[in-house]
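In what follows, a single structure is set out as structure tokens and then discussed.
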Amino acid sequence: MQSEKLTLISHYLCPYVQRASIVLAEKGVPFERRYIDLAAKPDWFLRISPLGKVPLLAIPQAGRDDAILFESAVICEYLEETQAGAPLHPADPLTRARHRGWMEFGSSILADLWVYETTKDAEQFEAKRQTLAAIFATLEQELGDGPYFAGEHFRIVDAVFAPVFRYFELFESLFESGIFDGQPRVNAWRKALAVRPSVVEAVTADYQEHLMAFLHRHDAYLLARSKLAA
Ligand SMILES: N[C@@H](CCC(=O)N[C@@H](CS)C(=O)NCC(=O)O)C(=O)O
């Protein structure tokens, strides 16, 4: 693959792609997107994606094939190290390491969310609902006065959590789960992230339609639960 600009190999719903997109936008880096169908991965993609996953960042190299980066955290860290613009990691090594720990925490939430949004089973759904409430209660203890994770500056760790919270914009409109009850700091953080331009632009305008179709494809209990609540 030989591109003229940085290219983010993407999927419409992927939260990991959104992280990379948010960091690219925060750094003011022009880039193109190339969407792929993960249910029918093209050969060119399988040749360049060691894990068969998005995101990939293709970086033009003069007279040669693009260099390919995989793994969203690696892509974000690379952009932080190579691009100008406001720093998205704290300068202090200890604080930076703690941010990286919370980025991992954000990745582990995505694993819980996958079950929450795809299970057909009421009991498993309820168990995950409780797990997620406990996880966000832990985050509530970590947050300060905001508006972002570490105060007034937007950081990579915010780019990790923004796609997590985006799921709940749809899910909580279907059914009020109580997951965020009693969490004023998490709720204020969710709101601040939802309107940040880099976050808004990380998905297409029809993102919620894609997510709704995904829930229907999985015959998700979340949909049945929302009908019960109606
Ligand atoms: N650890 C990876 C996870 C990426 C990932 O799981 N991407 C999903 C889409 S959201 C994917 O490409 N899945 C395709 C597959 O597993 O076949 C990262 O941070 O980039």
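Order determines the names: the first chain of the structure tokens is A, the second B, and so forth; residues in each chain are numbered 1 upward, and ligands are numbered 1 upward as they are shown.
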Name each residue within 12 Å of ligand 1, counting only C-alpha atoms and all ligand atoms, as a VMD selection string. chain A and resid 8 to 21 35 to 42 45 to 46 49 to 57 69 to 77 103 to 104 106 to 108 110 to 111 113 to 114 160 163 to 164
Coordinates-based distance that separates CA of Gly151 in chain A from CA of Ala91 in chain A (Å, one decimal): 14.3 Å
Range 1-5 of chain A: which residues within 12 Å, counting only C-alpha atoms, same-chain residues fewer than 3 positions away excluded, as a compact mmCIF listing (two decimals) with all heavy atoms, in the first residue's frame?
```
# COMPACT_ATOMS: atom_id res chain seq x y z
N LEU A 8 -5.91 5.89 8.13
CA LEU A 8 -6.38 5.10 9.27
C LEU A 8 -7.33 4.04 8.73
O LEU A 8 -8.41 4.36 8.21
CB LEU A 8 -7.10 6.02 10.26
CG LEU A 8 -7.54 5.39 11.58
CD1 LEU A 8 -6.35 4.86 12.39
CD2 LEU A 8 -8.34 6.40 12.42
N ILE A 9 -6.91 2.79 8.82
CA ILE A 9 -7.77 1.69 8.37
C ILE A 9 -8.78 1.45 9.50
O ILE A 9 -8.38 1.18 10.65
CB ILE A 9 -6.95 0.41 8.08
CG1 ILE A 9 -5.66 0.70 7.30
CG2 ILE A 9 -7.82 -0.62 7.37
CD1 ILE A 9 -5.79 1.22 5.94
N VAL A 29 -3.49 16.47 12.69
CA VAL A 29 -2.82 15.77 11.58
C VAL A 29 -3.86 15.43 10.50
O VAL A 29 -4.85 14.76 10.80
CB VAL A 29 -2.21 14.44 12.08
CG1 VAL A 29 -1.47 13.73 10.96
CG2 VAL A 29 -1.29 14.68 13.26
N PRO A 30 -3.62 15.88 9.24
CA PRO A 30 -4.55 15.47 8.18
C PRO A 30 -4.40 13.97 7.92
O PRO A 30 -3.27 13.45 7.89
CB PRO A 30 -4.09 16.27 6.96
CG PRO A 30 -2.91 17.09 7.39
CD PRO A 30 -2.49 16.66 8.76
N PHE A 31 -5.50 13.28 7.75
CA PHE A 31 -5.42 11.84 7.46
C PHE A 31 -6.65 11.42 6.67
O PHE A 31 -7.66 12.12 6.64
CB PHE A 31 -5.29 11.01 8.74
CG PHE A 31 -6.52 11.00 9.62
CD1 PHE A 31 -7.38 9.91 9.63
CD2 PHE A 31 -6.83 12.08 10.43
CE1 PHE A 31 -8.51 9.90 10.44
CE2 PHE A 31 -7.97 12.07 11.25
CZ PHE A 31 -8.81 10.98 11.25
N GLU A 32 -6.50 10.25 6.03
CA GLU A 32 -7.65 9.67 5.32
C GLU A 32 -8.10 8.44 6.07
O GLU A 32 -7.32 7.86 6.82
CB GLU A 32 -7.22 9.26 3.91
CG GLU A 32 -7.08 10.46 3.02
CD GLU A 32 -6.41 10.15 1.69
OE1 GLU A 32 -6.06 8.97 1.47
OE2 GLU A 32 -6.25 11.09 0.92
N ARG A 33 -9.33 8.06 5.80
CA ARG A 33 -9.82 6.81 6.39
C ARG A 33 -10.11 5.83 5.28
O ARG A 33 -10.57 6.21 4.21
CB ARG A 33 -11.15 7.04 7.11
CG ARG A 33 -11.06 7.82 8.35
CD ARG A 33 -12.49 8.10 8.77
NE ARG A 33 -12.53 9.10 9.80
CZ ARG A 33 -12.41 8.83 11.09
NH1 ARG A 33 -12.25 7.59 11.50
NH2 ARG A 33 -12.46 9.80 11.97
N ARG A 34 -9.90 4.56 5.60
CA ARG A 34 -10.31 3.51 4.68
C ARG A 34 -11.07 2.49 5.53
O ARG A 34 -10.49 1.90 6.45
CB ARG A 34 -9.05 2.90 4.06
CG ARG A 34 -9.34 2.02 2.90
CD ARG A 34 -8.06 1.83 2.08
NE ARG A 34 -8.29 0.82 1.07
CZ ARG A 34 -7.36 0.31 0.29
NH1 ARG A 34 -6.11 0.73 0.41
NH2 ARG A 34 -7.64 -0.62 -0.60
N TRP A 44 -5.86 -7.61 0.89
CA TRP A 44 -4.82 -6.59 1.09
C TRP A 44 -4.70 -6.26 2.58
O TRP A 44 -3.61 -6.00 3.09
CB TRP A 44 -5.08 -5.33 0.27
CG TRP A 44 -6.31 -4.56 0.66
CD1 TRP A 44 -7.53 -4.63 0.06
CD2 TRP A 44 -6.45 -3.61 1.74
NE1 TRP A 44 -8.42 -3.80 0.70
CE2 TRP A 44 -7.79 -3.16 1.73
CE3 TRP A 44 -5.58 -3.10 2.70
CZ2 TRP A 44 -8.28 -2.23 2.66
CZ3 TRP A 44 -6.07 -2.17 3.62
CH2 TRP A 44 -7.40 -1.75 3.60
N PHE A 45 -5.86 -6.27 3.30
CA PHE A 45 -5.86 -5.96 4.73
C PHE A 45 -5.19 -7.09 5.52
O PHE A 45 -4.34 -6.85 6.40
CB PHE A 45 -7.30 -5.74 5.19
CG PHE A 45 -7.46 -5.65 6.69
CD1 PHE A 45 -7.04 -4.53 7.38
CD2 PHE A 45 -8.02 -6.71 7.41
CE1 PHE A 45 -7.17 -4.45 8.77
CE2 PHE A 45 -8.16 -6.63 8.79
CZ PHE A 45 -7.73 -5.50 9.47
N ARG A 47 -2.99 -9.07 4.57
CA ARG A 47 -1.54 -9.08 4.32
C ARG A 47 -0.80 -8.11 5.22
O ARG A 47 0.34 -8.34 5.60
CB ARG A 47 -1.23 -8.74 2.85
CG ARG A 47 -1.32 -9.94 1.92
CD ARG A 47 -0.65 -9.66 0.58
NE ARG A 47 -1.31 -8.60 -0.17
CZ ARG A 47 -2.38 -8.78 -0.94
NH1 ARG A 47 -2.89 -9.98 -1.10
NH2 ARG A 47 -2.92 -7.77 -1.57
N ILE A 48 -1.46 -7.00 5.61
CA ILE A 48 -0.73 -5.96 6.36
C ILE A 48 -1.12 -5.89 7.84
O ILE A 48 -0.51 -5.17 8.61
CB ILE A 48 -0.89 -4.56 5.72
CG1 ILE A 48 -2.36 -4.12 5.71
CG2 ILE A 48 -0.29 -4.52 4.32
CD1 ILE A 48 -2.57 -2.68 5.23
N SER A 49 -2.15 -6.64 8.25
CA SER A 49 -2.60 -6.57 9.64
C SER A 49 -2.22 -7.87 10.35
O SER A 49 -2.89 -8.89 10.19
CB SER A 49 -4.12 -6.38 9.70
OG SER A 49 -4.54 -6.36 11.05
N LEU A 57 -2.53 2.08 11.16
CA LEU A 57 -2.16 3.40 10.64
C LEU A 57 -1.09 3.18 9.59
O LEU A 57 -0.04 2.59 9.89
CB LEU A 57 -1.63 4.31 11.76
CG LEU A 57 -1.35 5.75 11.32
CD1 LEU A 57 -2.66 6.49 10.96
CD2 LEU A 57 -0.62 6.54 12.42
N ALA A 58 -1.40 3.61 8.36
CA ALA A 58 -0.44 3.49 7.25
C ALA A 58 0.29 4.82 7.12
O ALA A 58 -0.34 5.87 6.99
CB ALA A 58 -1.18 3.13 5.97
N ILE A 59 1.62 4.74 7.18
CA ILE A 59 2.43 5.96 7.18
C ILE A 59 3.28 5.98 5.90
O ILE A 59 4.11 5.08 5.69
CB ILE A 59 3.35 5.98 8.43
CG1 ILE A 59 2.48 5.83 9.68
CG2 ILE A 59 4.20 7.23 8.48
CD1 ILE A 59 3.23 5.35 10.89
N PRO A 60 3.05 6.99 5.03
CA PRO A 60 3.76 7.02 3.75
C PRO A 60 5.28 7.05 3.93
O PRO A 60 5.79 7.70 4.84
CB PRO A 60 3.28 8.34 3.11
CG PRO A 60 2.03 8.70 3.82
CD PRO A 60 2.13 8.13 5.20
N GLN A 61 5.98 6.31 3.06
CA GLN A 61 7.44 6.28 3.06
C GLN A 61 7.88 6.58 1.63
O GLN A 61 7.39 5.91 0.70
CB GLN A 61 7.95 4.88 3.43
CG GLN A 61 7.41 4.32 4.73
CD GLN A 61 7.96 5.03 5.95
OE1 GLN A 61 9.18 5.09 6.12
NE2 GLN A 61 7.08 5.58 6.75
N ALA A 62 8.78 7.53 1.47
CA ALA A 62 9.16 7.94 0.11
C ALA A 62 9.65 6.75 -0.71
O ALA A 62 10.58 6.04 -0.30
CB ALA A 62 10.26 9.00 0.20
N GLY A 63 8.98 6.52 -1.87
CA GLY A 63 9.43 5.50 -2.83
C GLY A 63 9.25 4.07 -2.35
O GLY A 63 9.76 3.13 -2.99
N ARG A 64 8.60 3.86 -1.22
CA ARG A 64 8.44 2.49 -0.70
C ARG A 64 7.00 2.28 -0.24
O ARG A 64 6.23 3.24 -0.15
CB ARG A 64 9.35 2.29 0.53
CG ARG A 64 10.81 2.18 0.19
CD ARG A 64 11.63 1.83 1.42
NE ARG A 64 11.81 2.98 2.31
CZ ARG A 64 11.71 2.93 3.64
NH1 ARG A 64 11.39 1.80 4.23
NH2 ARG A 64 11.90 4.00 4.38
N ASP A 65 6.68 1.04 0.11
CA ASP A 65 5.36 0.78 0.69
C ASP A 65 5.23 1.53 2.01
O ASP A 65 6.24 1.80 2.69
CB ASP A 65 5.19 -0.72 0.97
CG ASP A 65 4.86 -1.48 -0.30
OD1 ASP A 65 4.59 -0.83 -1.33
OD2 ASP A 65 4.89 -2.72 -0.25
N ASP A 66 3.99 1.84 2.36
CA ASP A 66 3.74 2.50 3.65
C ASP A 66 4.26 1.65 4.81
O ASP A 66 4.21 0.42 4.75
CB ASP A 66 2.22 2.66 3.87
CG ASP A 66 1.58 3.57 2.84
OD1 ASP A 66 2.31 4.27 2.13
OD2 ASP A 66 0.34 3.56 2.77
N ALA A 67 4.66 2.33 5.87
CA ALA A 67 4.93 1.61 7.13
C ALA A 67 3.57 1.43 7.81
O ALA A 67 2.74 2.34 7.80
CB ALA A 67 5.86 2.42 8.01
N ILE A 68 3.36 0.26 8.38
CA ILE A 68 2.06 -0.03 8.99
C ILE A 68 2.22 -0.18 10.50
O ILE A 68 3.05 -0.97 10.96
CB ILE A 68 1.48 -1.36 8.43
CG1 ILE A 68 1.37 -1.31 6.90
CG2 ILE A 68 0.13 -1.67 9.09
CD1 ILE A 68 0.38 -0.30 6.36
```
Taking 6 positions as the minimum chain separation for residues in the same chain, which residues sit within 9 Å of Arg225 in chain A when counting only C-alpha atoms? Answer as a ChimeraX atom specification. /A:122,174-175
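DSSP on the backbone gives strand (DSSP E or B) for these parts of range 1-226 of chain A: Leu6, Thr7, Leu8, Ile9, Ser10, Phe31, Glu32, Arg33, Arg34, Tyr35, Leu56, Leu57, Ala58, Ile59, Pro60, Gln61, Arg64, Asp65, Asp66, Ala67, Ile68, Leu69, Phe70, Tyr148 and Gly151 of chain A.
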Next, the residues of the selection above should be written as a PDB file, in the first residue's frame with N, CA and C atoms.
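Result saved to out.pdb:
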```
ATOM      1  N   LEU A   6      -1.267  10.076   5.829  1.00  0.00           N
ATOM      2  CA  LEU A   6      -1.522   9.030   6.815  1.00  0.00           C
ATOM      3  C   LEU A   6      -2.911   8.462   6.543  1.00  0.00           C
ATOM      4  N   THR A   7      -3.040   7.147   6.624  1.00  0.00           N
ATOM      5  CA  THR A   7      -4.354   6.521   6.406  1.00  0.00           C
ATOM      6  C   THR A   7      -4.704   5.667   7.614  1.00  0.00           C
ATOM      7  N   LEU A   8      -5.911   5.891   8.135  1.00  0.00           N
ATOM      8  CA  LEU A   8      -6.384   5.101   9.270  1.00  0.00           C
ATOM      9  C   LEU A   8      -7.334   4.039   8.727  1.00  0.00           C
ATOM     10  N   ILE A   9      -6.905   2.795   8.821  1.00  0.00           N
ATOM     11  CA  ILE A   9      -7.768   1.691   8.374  1.00  0.00           C
ATOM     12  C   ILE A   9      -8.775   1.447   9.503  1.00  0.00           C
ATOM     13  N   SER A  10     -10.048   1.546   9.136  1.00  0.00           N
ATOM     14  CA  SER A  10     -11.099   1.763  10.132  1.00  0.00           C
ATOM     15  C   SER A  10     -12.255   0.789   9.985  1.00  0.00           C
ATOM     16  N   PHE A  31      -5.502  13.281   7.750  1.00  0.00           N
ATOM     17  CA  PHE A  31      -5.423  11.843   7.455  1.00  0.00           C
ATOM     18  C   PHE A  31      -6.648  11.415   6.670  1.00  0.00           C
ATOM     19  N   GLU A  32      -6.503  10.248   6.033  1.00  0.00           N
ATOM     20  CA  GLU A  32      -7.646   9.675   5.325  1.00  0.00           C
ATOM     21  C   GLU A  32      -8.097   8.436   6.066  1.00  0.00           C
ATOM     22  N   ARG A  33      -9.331   8.058   5.798  1.00  0.00           N
ATOM     23  CA  ARG A  33      -9.822   6.811   6.392  1.00  0.00           C
ATOM     24  C   ARG A  33     -10.115   5.829   5.283  1.00  0.00           C
ATOM     25  N   ARG A  34      -9.899   4.561   5.602  1.00  0.00           N
ATOM     26  CA  ARG A  34     -10.312   3.506   4.684  1.00  0.00           C
ATOM     27  C   ARG A  34     -11.069   2.494   5.527  1.00  0.00           C
ATOM     28  N   TYR A  35     -12.363   2.352   5.248  1.00  0.00           N
ATOM     29  CA  TYR A  35     -13.187   1.448   6.052  1.00  0.00           C
ATOM     30  C   TYR A  35     -13.129   0.046   5.480  1.00  0.00           C
ATOM     31  N   LEU A  56      -5.375   0.144  11.848  1.00  0.00           N
ATOM     32  CA  LEU A  56      -3.995   0.192  11.362  1.00  0.00           C
ATOM     33  C   LEU A  56      -3.751   1.640  10.977  1.00  0.00           C
ATOM     34  N   LEU A  57      -2.533   2.082  11.162  1.00  0.00           N
ATOM     35  CA  LEU A  57      -2.163   3.400  10.641  1.00  0.00           C
ATOM     36  C   LEU A  57      -1.086   3.184   9.587  1.00  0.00           C
ATOM     37  N   ALA A  58      -1.396   3.607   8.356  1.00  0.00           N
ATOM     38  CA  ALA A  58      -0.437   3.487   7.253  1.00  0.00           C
ATOM     39  C   ALA A  58       0.292   4.818   7.118  1.00  0.00           C
ATOM     40  N   ILE A  59       1.616   4.736   7.177  1.00  0.00           N
ATOM     41  CA  ILE A  59       2.434   5.958   7.176  1.00  0.00           C
ATOM     42  C   ILE A  59       3.277   5.980   5.901  1.00  0.00           C
ATOM     43  N   PRO A  60       3.047   6.987   5.032  1.00  0.00           N
ATOM     44  CA  PRO A  60       3.761   7.024   3.750  1.00  0.00           C
ATOM     45  C   PRO A  60       5.284   7.045   3.930  1.00  0.00           C
ATOM     46  N   GLN A  61       5.978   6.313   3.061  1.00  0.00           N
ATOM     47  CA  GLN A  61       7.437   6.276   3.056  1.00  0.00           C
ATOM     48  C   GLN A  61       7.877   6.576   1.625  1.00  0.00           C
ATOM     49  N   ARG A  64       8.598   3.862  -1.223  1.00  0.00           N
ATOM     50  CA  ARG A  64       8.440   2.493  -0.699  1.00  0.00           C
ATOM     51  C   ARG A  64       7.002   2.285  -0.240  1.00  0.00           C
ATOM     52  N   ASP A  65       6.684   1.038   0.105  1.00  0.00           N
ATOM     53  CA  ASP A  65       5.363   0.783   0.695  1.00  0.00           C
ATOM     54  C   ASP A  65       5.233   1.528   2.011  1.00  0.00           C
ATOM     55  N   ASP A  66       3.988   1.837   2.364  1.00  0.00           N
ATOM     56  CA  ASP A  66       3.736   2.500   3.654  1.00  0.00           C
ATOM     57  C   ASP A  66       4.255   1.650   4.810  1.00  0.00           C
ATOM     58  N   ALA A  67       4.664   2.332   5.872  1.00  0.00           N
ATOM     59  CA  ALA A  67       4.927   1.611   7.128  1.00  0.00           C
ATOM     60  C   ALA A  67       3.565   1.435   7.811  1.00  0.00           C
ATOM     61  N   ILE A  68       3.362   0.262   8.382  1.00  0.00           N
ATOM     62  CA  ILE A  68       2.061  -0.034   8.993  1.00  0.00           C
ATOM     63  C   ILE A  68       2.223  -0.183  10.498  1.00  0.00           C
ATOM     64  N   LEU A  69       1.427   0.577  11.230  1.00  0.00           N
ATOM     65  CA  LEU A  69       1.376   0.389  12.691  1.00  0.00           C
ATOM     66  C   LEU A  69       0.075  -0.294  13.050  1.00  0.00           C
ATOM     67  N   PHE A  70       0.127  -1.236  13.977  1.00  0.00           N
ATOM     68  CA  PHE A  70      -1.099  -1.846  14.493  1.00  0.00           C
ATOM     69  C   PHE A  70      -1.114  -1.695  16.007  1.00  0.00           C
ATOM     70  N   TYR A 148     -11.693  17.014  32.369  1.00  0.00           N
ATOM     71  CA  TYR A 148     -11.175  15.772  31.791  1.00  0.00           C
ATOM     72  C   TYR A 148     -10.569  14.888  32.886  1.00  0.00           C
ATOM     73  N   GLY A 151      -7.923  16.829  34.710  1.00  0.00           N
ATOM     74  CA  GLY A 151      -8.064  18.278  34.868  1.00  0.00           C
ATOM     75  C   GLY A 151      -8.406  18.965  33.573  1.00  0.00           C
TER      76      GLY A 151
END
```
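Among A:Glu172, A:His210, A:Gly182, A:Val200, the residue with the shortest atom-to-atom distance to Ser226 in chain A, counting only C-alpha atoms, is A:Glu172.
With distances restricted to only C-alpha atoms, A:Glu176 is the closest residue to Lys227 in chain A from A:Glu117, A:Glu176, A:Glu152, A:Asp145.
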Report the distance between CA of Thr204 in chain A and CA of Ser173 in chain A in Å, rounded to one decimal place. 18.9 Å
Determine, counting only C-alpha atoms, which protein, DNA and RNA residues have an atom within 8 Å of an atom of Leu222 in chain A; residues of the same chain fewer than 3 positions away are not included. Present the result as a ChimeraX atom specification. /A:116-120,125,171,215,225-226
Just write the chosen residues, N, CA and C atoms, as a PDB file, in the first residue's frame.
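Okay, result-v1.pdb is ready:
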```
ATOM      1  N   TYR A 116     -22.007  -7.084  27.699  1.00  0.00           N
ATOM      2  CA  TYR A 116     -23.212  -6.306  28.021  1.00  0.00           C
ATOM      3  C   TYR A 116     -24.057  -6.058  26.769  1.00  0.00           C
ATOM      4  N   GLU A 117     -23.396  -5.796  25.648  1.00  0.00           N
ATOM      5  CA  GLU A 117     -24.156  -5.413  24.446  1.00  0.00           C
ATOM      6  C   GLU A 117     -24.518  -6.596  23.551  1.00  0.00           C
ATOM      7  N   THR A 118     -23.880  -7.745  23.778  1.00  0.00           N
ATOM      8  CA  THR A 118     -24.154  -8.869  22.867  1.00  0.00           C
ATOM      9  C   THR A 118     -24.900 -10.025  23.530  1.00  0.00           C
ATOM     10  N   THR A 119     -24.882 -10.092  24.876  1.00  0.00           N
ATOM     11  CA  THR A 119     -25.516 -11.263  25.484  1.00  0.00           C
ATOM     12  C   THR A 119     -27.021 -11.300  25.212  1.00  0.00           C
ATOM     13  N   LYS A 120     -27.512 -12.547  25.098  1.00  0.00           N
ATOM     14  CA  LYS A 120     -28.965 -12.742  24.937  1.00  0.00           C
ATOM     15  C   LYS A 120     -29.573 -13.141  26.273  1.00  0.00           C
ATOM     16  N   PHE A 125     -26.587 -10.459  31.550  1.00  0.00           N
ATOM     17  CA  PHE A 125     -26.721  -9.017  31.339  1.00  0.00           C
ATOM     18  C   PHE A 125     -26.732  -8.280  32.678  1.00  0.00           C
ATOM     19  N   PHE A 171     -27.182   3.355  24.571  1.00  0.00           N
ATOM     20  CA  PHE A 171     -27.718   2.361  25.517  1.00  0.00           C
ATOM     21  C   PHE A 171     -28.610   3.010  26.583  1.00  0.00           C
ATOM     22  N   LEU A 215     -26.865  -4.383  17.485  1.00  0.00           N
ATOM     23  CA  LEU A 215     -27.648  -4.969  18.591  1.00  0.00           C
ATOM     24  C   LEU A 215     -28.703  -5.929  18.032  1.00  0.00           C
ATOM     25  N   ARG A 225     -34.577  -5.741  27.120  1.00  0.00           N
ATOM     26  CA  ARG A 225     -34.646  -5.016  28.391  1.00  0.00           C
ATOM     27  C   ARG A 225     -35.226  -3.607  28.171  1.00  0.00           C
ATOM     28  N   SER A 226     -34.877  -3.013  27.028  1.00  0.00           N
ATOM     29  CA  SER A 226     -35.381  -1.661  26.776  1.00  0.00           C
ATOM     30  C   SER A 226     -36.884  -1.708  26.512  1.00  0.00           C
TER      31      SER A 226
END
```
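Interatomic distance, CA of Gln124 in chain A to CA of Leu211 in chain A: 20.3 Å.
Using only C-alpha atoms, the shortest contact distance between His218 in chain A and any of A:Ile22, A:Val203, A:Leu170, A:Val115 is found at A:Val115.
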Got a sec to tell me which of range 115-219 of chain A DSSP assigns to alpha helix (DSSP H), as a short mmCIF file (atom, residue, chain, number, x, y, z; two decimals) with C-alpha atoms, in the first residue's frame?
```cif
data_model
loop_
_atom_site.label_atom_id
_atom_site.label_comp_id
_atom_site.auth_asym_id
_atom_site.auth_seq_id
_atom_site.Cartn_x
_atom_site.Cartn_y
_atom_site.Cartn_z
CA VAL A 115 -20.75 -8.99 26.84
CA TYR A 116 -23.21 -6.31 28.02
CA GLU A 117 -24.16 -5.41 24.45
CA THR A 118 -24.15 -8.87 22.87
CA ALA A 122 -30.91 -11.80 31.18
CA GLU A 123 -28.81 -13.06 34.11
CA GLN A 124 -25.51 -12.46 32.34
CA PHE A 125 -26.72 -9.02 31.34
CA GLU A 126 -27.62 -8.14 34.93
CA ALA A 127 -24.24 -9.41 36.18
CA LYS A 128 -22.43 -7.22 33.64
CA ARG A 129 -24.63 -4.25 34.49
CA GLN A 130 -23.48 -4.59 38.09
CA THR A 131 -19.85 -5.09 37.08
CA LEU A 132 -19.93 -1.94 34.95
CA ALA A 133 -21.54 0.08 37.76
CA ALA A 134 -18.73 -1.04 40.11
CA ILE A 135 -16.06 -0.21 37.52
CA PHE A 136 -17.36 3.31 36.96
CA ALA A 137 -17.67 3.78 40.73
CA THR A 138 -13.93 3.01 40.92
CA LEU A 139 -13.28 5.63 38.26
CA GLU A 140 -15.39 8.14 40.18
CA GLN A 141 -12.87 7.88 43.03
CA GLU A 142 -9.98 8.61 40.67
CA ILE A 156 -4.70 10.22 25.51
CA VAL A 157 -6.47 8.57 28.43
CA ASP A 158 -9.51 10.73 27.57
CA ALA A 159 -9.33 9.45 23.99
CA VAL A 160 -9.55 5.91 25.41
CA PHE A 161 -12.64 6.58 27.52
CA ALA A 162 -14.58 8.72 25.01
CA PRO A 163 -15.51 5.70 22.82
CA VAL A 164 -16.49 3.75 25.96
CA PHE A 165 -18.91 6.47 27.00
CA ARG A 166 -20.22 6.86 23.44
CA TYR A 167 -21.85 3.41 23.66
CA PHE A 168 -23.91 4.63 26.58
CA GLU A 169 -25.31 7.58 24.62
CA LEU A 170 -27.42 4.99 22.78
CA PHE A 171 -27.72 2.36 25.52
CA GLU A 172 -28.95 4.80 28.19
CA SER A 173 -31.45 6.28 25.71
CA LEU A 174 -32.94 2.78 25.33
CA PRO A 184 -21.30 13.12 39.44
CA ARG A 185 -17.68 13.24 38.30
CA VAL A 186 -18.00 10.43 35.79
CA ASN A 187 -21.20 11.99 34.45
CA ALA A 188 -19.57 15.42 34.06
CA TRP A 189 -16.61 13.77 32.31
CA ARG A 190 -18.94 11.87 29.94
CA LYS A 191 -20.65 15.15 29.03
CA ALA A 192 -17.40 17.02 28.43
CA LEU A 193 -16.06 14.25 26.19
CA ALA A 194 -19.29 13.92 24.19
CA PRO A 197 -14.92 18.10 18.39
CA SER A 198 -12.24 15.39 18.01
CA VAL A 199 -14.60 12.95 19.76
CA VAL A 200 -17.68 13.98 17.77
CA TYR A 207 -22.90 5.71 14.02
CA GLN A 208 -25.99 5.07 16.16
CA GLU A 209 -27.78 3.36 13.25
CA HIS A 210 -24.77 1.05 12.84
CA LEU A 211 -24.79 0.33 16.58
CA MET A 212 -28.53 -0.34 16.62
CA ALA A 213 -28.16 -2.73 13.67
CA PHE A 214 -25.35 -4.47 15.56
CA LEU A 215 -27.65 -4.97 18.59
CA HIS A 216 -30.35 -6.41 16.34
CA ARG A 217 -27.86 -8.74 14.61
#
```
When you count only C-alpha atoms, which of these residues is closest to Leu79 in chain A: A:Ala25, A:Ile179, A:Leu94, A:Ile109? A:Ala25
